[in-house]
Amino acid sequence: MKQGTQTWVFKNKPKIISSSAVVGPDEANGPLKDSFDKTFPTLEMEEKSWEKAEQALLKEAIDLALKKKSISKGEIDLYIGGDLINQLTINSFVIRDYSIPYFGVFGACSTSMEALTLMAALVDGGYVEKGIAATCSHNCTVEKQFRYPTEYGSQKPPTAQYTVTGAGAAVVAINGEGPYIECATVGKVNDLGLTDPFNMGGAMAPAAVDTIIAHLNDMNRKPSDYDLILTGDLASVGHPIVKDLLQKENVPIESTTFKDCGLMIYDLENQPVNAGGSGAGCSAVVTYGHIMQELKKGNLKRVLVVATGALLSPLTYQQGDTIPCIAHAVSIVGRGVKG
Amino acid sequence: MSKVKKQPYKKMNMSPQEYQSFAKTKVPKTNLFINCLKAFLIGGTICCFGQAITDMYIHVFNFSKEDAGDPTVATLIFIAVLLTSLGVYDKFGQFAGAGSAVPVTGFANSMCSAALEYRSEGLVLGVGSNMFKLAGSVIVFGTVAAFLVGIAYMVLGIEGH
């Protein structure tokens, strides 16, 4: 049901009955290492290309999410997934072996919450009984497609972000146990004219501000109604900008815990990740790993995940265009909380 | 949960120009002096190392001063390619900045990294057509610059040697 201008409230409480987070070696050395279901010791994942390695990562995440609750492929009515690679080949190629109805979606690094929003709406509306929403990214496929060859020795500025190697999957169902998806705010595309692809946090920050304010207004809430507001991958440049901009608009963001997946996943002091993590897998593995665990334990009750995406391509950047950005917010509520 | 939010929060109202100048203030400053110093020292060290290799070819292998240049360049290329293949050169480049871009080793790294990256697309469509992806513009503009300098020499009537 639509509420306000751009928020969907899910009356039937679609639940995340199972979720998984699978990562590569750098994330496995980060502060959230204990929250992942599986970690690969190398970036190659014993595959012959980076693209195949990313497929292996996603397949593992899907299989683990199903296996955890002994769900068979046949029970899944729909798969919605996305990644950052041209034509969404990672998702399409993985899902060809599953024989599940499939939608591929792209929202750059906001894809995780885009897929989850769509799945929640379809489950809430009765079109899907049980579906999977999954997202992935791989550091090397992204470097190869968007930047330079992985072994090229260029110096990156401190605003640059490090793409997370990781895949996260959530099984959303109308029946079953688990945190439920309360509502979601669909973001608008924002472009305030930044052009530097090595400062995506700065480019994406206004999109996050726009969506957070829209969400709070649509739901008639204040930041403290959430135990945690979590942005996707704004990292050490974008995240403080969002905080400043929200405070400037008199949104008391300091009244809640305000974090960023890109800052949580790595140890910025000791890992060579510049400003922090990014990528479609970043918010997916943090949300479907760490956040789900905290919701289940009861340490968190209501969380707003605001996944941010920079909708650029190498072509638009080379043609000197600005970077359009988007953010989608999903409110996830732990068990035992009255809505 | 309390529902005492009186009025909606105001939407962000910044013009692109205002935001761009605001965002600029939030970008951490790179220390230009330290970066230059690092580039100078590391670039210089690589050049000194190259000179040592030249001297080795002259004194140990009895090359003439002119002939020693070729095997020196080949040796530097070999070392840069080896370090690229071992996954070390990119980390070195992040630290050294422009210092690791000194022509021979930086050029070798740009070609080797592209060749490695596109090996999965085959020898012809992958390695062959992508190897010069980064180095290509160096060759194009290097050739154009050489041509213009040649014209200048001709017009001014200066001998090349």
# chains A, B, ... in the order shown; residues from 1 in each chain; ligands from 1
call {"tool": "interface_residues", "arguments": {"of": "chain A", "to": "chain B", "cutoff": "8 Å", "atoms": "only C-alpha atoms", "output": "PyMOL selection string"}}
result
chain A and resi 48-49+144+149-159+191-194+202+206+209-210+213-214+216-217+220-222+225+237+241+245+249-251
call {"tool": "residues_around", "arguments": {"residues": "Ile132 in chain A", "least_positions_apart": "6", "cutoff": "8 Å", "atoms": "only C-alpha atoms", "output": "list in words"}}
result
Ile62, Ile76, Leu78, Tyr79, Ile80, Gly81, Met119, Ala169, Ala170, Val171 and Val172 of chain A
call {"tool": "write_last_selection", "arguments": {"atoms": "N, CA and C atoms", "output": "PDB file, in the first residue's frame"}}
result
ATOM      1  N   ILE A  62      23.241 -18.294  -2.897  1.00  0.00           N
ATOM      2  CA  ILE A  62      21.874 -18.782  -3.138  1.00  0.00           C
ATOM      3  C   ILE A  62      21.699 -20.154  -2.485  1.00  0.00           C
ATOM      4  N   ILE A  76      10.660 -22.201  -4.755  1.00  0.00           N
ATOM      5  CA  ILE A  76      10.901 -20.772  -5.044  1.00  0.00           C
ATOM      6  C   ILE A  76      10.094 -20.331  -6.267  1.00  0.00           C
ATOM      7  N   LEU A  78      10.063 -17.105  -7.479  1.00  0.00           N
ATOM      8  CA  LEU A  78      10.696 -16.034  -8.254  1.00  0.00           C
ATOM      9  C   LEU A  78      12.069 -15.706  -7.682  1.00  0.00           C
ATOM     10  N   TYR A  79      12.991 -15.398  -8.568  1.00  0.00           N
ATOM     11  CA  TYR A  79      14.313 -14.920  -8.164  1.00  0.00           C
ATOM     12  C   TYR A  79      14.480 -13.514  -8.732  1.00  0.00           C
ATOM     13  N   ILE A  80      14.839 -12.560  -7.888  1.00  0.00           N
ATOM     14  CA  ILE A  80      15.175 -11.222  -8.383  1.00  0.00           C
ATOM     15  C   ILE A  80      16.622 -10.947  -7.965  1.00  0.00           C
ATOM     16  N   GLY A  81      17.459 -10.672  -8.938  1.00  0.00           N
ATOM     17  CA  GLY A  81      18.864 -10.458  -8.602  1.00  0.00           C
ATOM     18  C   GLY A  81      19.514  -9.442  -9.507  1.00  0.00           C
ATOM     19  N   MET A 119      10.797  -7.745  -4.253  1.00  0.00           N
ATOM     20  CA  MET A 119      10.385  -9.061  -3.781  1.00  0.00           C
ATOM     21  C   MET A 119       9.360  -8.920  -2.657  1.00  0.00           C
ATOM     22  N   ALA A 169      22.121 -13.219  -0.198  1.00  0.00           N
ATOM     23  CA  ALA A 169      20.814 -13.656  -0.685  1.00  0.00           C
ATOM     24  C   ALA A 169      19.830 -13.711   0.476  1.00  0.00           C
ATOM     25  N   ALA A 170      18.574 -13.361   0.178  1.00  0.00           N
ATOM     26  CA  ALA A 170      17.525 -13.431   1.194  1.00  0.00           C
ATOM     27  C   ALA A 170      16.349 -14.197   0.623  1.00  0.00           C
ATOM     28  N   VAL A 171      15.816 -15.118   1.407  1.00  0.00           N
ATOM     29  CA  VAL A 171      14.593 -15.808   1.000  1.00  0.00           C
ATOM     30  C   VAL A 171      13.435 -15.089   1.682  1.00  0.00           C
ATOM     31  N   VAL A 172      12.558 -14.506   0.861  1.00  0.00           N
ATOM     32  CA  VAL A 172      11.428 -13.743   1.393  1.00  0.00           C
ATOM     33  C   VAL A 172      10.164 -14.580   1.206  1.00  0.00           C
TER      34      VAL A 172
END
call {"tool": "select_by_dssp", "arguments": {"residues": "range 92-295 of chain A", "states": "helix (DSSP H, G or I)", "output": "ChimeraX atom specification"}}
result
/A:92-95,111-124,139-146,200-218,223-225,235-248,253-255,261-264,280-295
call {"tool": "residues_around", "arguments": {"residues": "Gly176 in chain A", "least_positions_apart": "5", "cutoff": "12 Å", "atoms": "only C-alpha atoms", "output": "number ranges by chain"}}
result
A: 13-18, 69, 71, 129-130, 171, 335
call {"tool": "atom_distance", "arguments": {"atom1": "CA of Gly128 in chain B", "atom2": "CA of Pro71 in chain B"}}
result
24.7 Å
call {"tool": "residues_around", "arguments": {"residues": "Gly201 in chain A", "least_positions_apart": "3", "cutoff": "9 Å", "atoms": "only C-alpha atoms", "output": "number ranges by chain"}}
result
A: 159-161, 198, 204-205, 233-239, 241, 275, 278, 308, 310
call {"tool": "atom_distance", "arguments": {"atom1": "CA of Ala207 in chain A", "atom2": "CA of Ser255 in chain A"}}
result
21.0 Å
call {"tool": "decode", "arguments": {"residues": "range 139-177 of chain A", "atoms": "N, CA and C atoms", "output": "mmCIF file, in the first residue's frame"}}
result
data_model
loop_
_atom_site.group_PDB
_atom_site.id
_atom_site.type_symbol
_atom_site.label_atom_id
_atom_site.label_comp_id
_atom_site.auth_asym_id
_atom_site.auth_seq_id
_atom_site.Cartn_x
_atom_site.Cartn_y
_atom_site.Cartn_z
ATOM 1 N N ASN A 139 35.443 -7.663 -6.605
ATOM 2 C CA ASN A 139 36.407 -6.573 -6.758
ATOM 3 C C ASN A 139 37.039 -6.558 -8.157
ATOM 4 N N CYS A 140 37.425 -7.721 -8.652
ATOM 5 C CA CYS A 140 38.193 -7.744 -9.900
ATOM 6 C C CYS A 140 37.318 -7.573 -11.141
ATOM 7 N N THR A 141 36.078 -8.109 -11.130
ATOM 8 C CA THR A 141 35.216 -7.888 -12.303
ATOM 9 C C THR A 141 34.890 -6.405 -12.423
ATOM 10 N N VAL A 142 34.712 -5.746 -11.289
ATOM 11 C CA VAL A 142 34.366 -4.326 -11.300
ATOM 12 C C VAL A 142 35.567 -3.479 -11.717
ATOM 13 N N GLU A 143 36.744 -3.815 -11.174
ATOM 14 C CA GLU A 143 37.955 -3.093 -11.583
ATOM 15 C C GLU A 143 38.128 -3.205 -13.104
ATOM 16 N N LYS A 144 37.956 -4.410 -13.593
ATOM 17 C CA LYS A 144 38.154 -4.684 -15.024
ATOM 18 C C LYS A 144 37.164 -3.901 -15.885
ATOM 19 N N GLN A 145 35.906 -3.868 -15.466
ATOM 20 C CA GLN A 145 34.891 -3.211 -16.287
ATOM 21 C C GLN A 145 34.868 -1.691 -16.119
ATOM 22 N N PHE A 146 35.035 -1.221 -14.899
ATOM 23 C CA PHE A 146 34.850 0.216 -14.646
ATOM 24 C C PHE A 146 36.161 0.997 -14.559
ATOM 25 N N ARG A 147 37.273 0.308 -14.186
ATOM 26 C CA ARG A 147 38.489 1.077 -13.950
ATOM 27 C C ARG A 147 39.626 0.549 -14.812
ATOM 28 N N TYR A 148 40.671 0.063 -14.192
ATOM 29 C CA TYR A 148 41.840 -0.413 -14.927
ATOM 30 C C TYR A 148 42.013 -1.909 -14.692
ATOM 31 N N PRO A 149 42.883 -2.556 -15.480
ATOM 32 C CA PRO A 149 43.205 -3.950 -15.171
ATOM 33 C C PRO A 149 43.639 -4.064 -13.698
ATOM 34 N N THR A 150 43.294 -5.173 -13.067
ATOM 35 C CA THR A 150 43.512 -5.294 -11.619
ATOM 36 C C THR A 150 44.971 -5.100 -11.199
ATOM 37 N N GLU A 151 45.905 -5.495 -12.055
ATOM 38 C CA GLU A 151 47.318 -5.392 -11.668
ATOM 39 C C GLU A 151 47.976 -4.088 -12.114
ATOM 40 N N TYR A 152 47.186 -3.168 -12.668
ATOM 41 C CA TYR A 152 47.755 -1.903 -13.123
ATOM 42 C C TYR A 152 48.142 -1.041 -11.918
ATOM 43 N N GLY A 153 49.353 -0.505 -11.971
ATOM 44 C CA GLY A 153 49.886 0.187 -10.799
ATOM 45 C C GLY A 153 49.605 1.671 -10.756
ATOM 46 N N SER A 154 48.333 2.049 -10.783
ATOM 47 C CA SER A 154 48.036 3.480 -10.665
ATOM 48 C C SER A 154 47.745 3.810 -9.209
ATOM 49 N N GLN A 155 47.928 5.070 -8.880
ATOM 50 C CA GLN A 155 47.680 5.484 -7.505
ATOM 51 C C GLN A 155 46.245 6.001 -7.378
ATOM 52 N N LYS A 156 45.496 5.427 -6.436
ATOM 53 C CA LYS A 156 44.108 5.871 -6.263
ATOM 54 C C LYS A 156 44.033 6.934 -5.178
ATOM 55 N N PRO A 157 43.147 7.929 -5.369
ATOM 56 C CA PRO A 157 43.036 8.982 -4.359
ATOM 57 C C PRO A 157 42.353 8.458 -3.090
ATOM 58 N N PRO A 158 42.476 9.180 -1.975
ATOM 59 C CA PRO A 158 41.882 8.699 -0.716
ATOM 60 C C PRO A 158 40.349 8.640 -0.744
ATOM 61 N N THR A 159 39.722 9.273 -1.755
ATOM 62 C CA THR A 159 38.260 9.224 -1.851
ATOM 63 C C THR A 159 37.785 7.954 -2.554
ATOM 64 N N ALA A 160 38.710 7.226 -3.204
ATOM 65 C CA ALA A 160 38.332 6.026 -3.957
ATOM 66 C C ALA A 160 37.847 4.946 -2.998
ATOM 67 N N GLN A 161 36.963 4.097 -3.493
ATOM 68 C CA GLN A 161 36.444 3.014 -2.658
ATOM 69 C C GLN A 161 36.854 1.661 -3.227
ATOM 70 N N TYR A 162 36.780 0.667 -2.368
ATOM 71 C CA TYR A 162 37.250 -0.678 -2.717
ATOM 72 C C TYR A 162 36.029 -1.592 -2.868
ATOM 73 N N THR A 163 35.853 -2.131 -4.063
ATOM 74 C CA THR A 163 34.653 -2.937 -4.303
ATOM 75 C C THR A 163 34.681 -4.226 -3.492
ATOM 76 N N VAL A 164 33.586 -4.475 -2.802
ATOM 77 C CA VAL A 164 33.465 -5.666 -1.970
ATOM 78 C C VAL A 164 33.306 -6.904 -2.846
ATOM 79 N N THR A 165 34.037 -7.950 -2.502
ATOM 80 C CA THR A 165 33.829 -9.241 -3.132
ATOM 81 C C THR A 165 32.864 -10.000 -2.234
ATOM 82 N N GLY A 166 31.631 -10.075 -2.668
ATOM 83 C CA GLY A 166 30.655 -10.726 -1.793
ATOM 84 C C GLY A 166 29.310 -10.893 -2.460
ATOM 85 N N ALA A 167 28.557 -11.861 -1.972
ATOM 86 C CA ALA A 167 27.209 -12.087 -2.468
ATOM 87 C C ALA A 167 26.292 -12.338 -1.283
ATOM 88 N N GLY A 168 25.127 -11.716 -1.331
ATOM 89 C CA GLY A 168 24.147 -11.903 -0.266
ATOM 90 C C GLY A 168 22.810 -12.292 -0.858
ATOM 91 N N ALA A 169 22.121 -13.219 -0.198
ATOM 92 C CA ALA A 169 20.814 -13.656 -0.685
ATOM 93 C C ALA A 169 19.830 -13.711 0.476
ATOM 94 N N ALA A 170 18.574 -13.361 0.178
ATOM 95 C CA ALA A 170 17.525 -13.431 1.194
ATOM 96 C C ALA A 170 16.349 -14.197 0.623
ATOM 97 N N VAL A 171 15.816 -15.118 1.407
ATOM 98 C CA VAL A 171 14.593 -15.808 1.000
ATOM 99 C C VAL A 171 13.435 -15.089 1.682
ATOM 100 N N VAL A 172 12.558 -14.506 0.861
ATOM 101 C CA VAL A 172 11.428 -13.743 1.393
ATOM 102 C C VAL A 172 10.164 -14.580 1.206
ATOM 103 N N ALA A 173 9.364 -14.709 2.272
ATOM 104 C CA ALA A 173 8.165 -15.540 2.179
ATOM 105 C C ALA A 173 7.045 -14.934 3.003
ATOM 106 N N ILE A 174 5.830 -15.307 2.658
ATOM 107 C CA ILE A 174 4.675 -14.789 3.386
ATOM 108 C C ILE A 174 4.494 -15.554 4.702
ATOM 109 N N ASN A 175 4.845 -16.835 4.694
ATOM 110 C CA ASN A 175 4.755 -17.644 5.905
ATOM 111 C C ASN A 175 6.151 -17.994 6.389
ATOM 112 N N GLY A 176 6.269 -18.195 7.666
ATOM 113 C CA GLY A 176 7.560 -18.606 8.206
ATOM 114 C C GLY A 176 8.042 -17.646 9.271
ATOM 115 N N GLU A 177 9.209 -17.955 9.807
ATOM 116 C CA GLU A 177 9.777 -17.184 10.909
ATOM 117 C C GLU A 177 10.915 -16.299 10.412
#
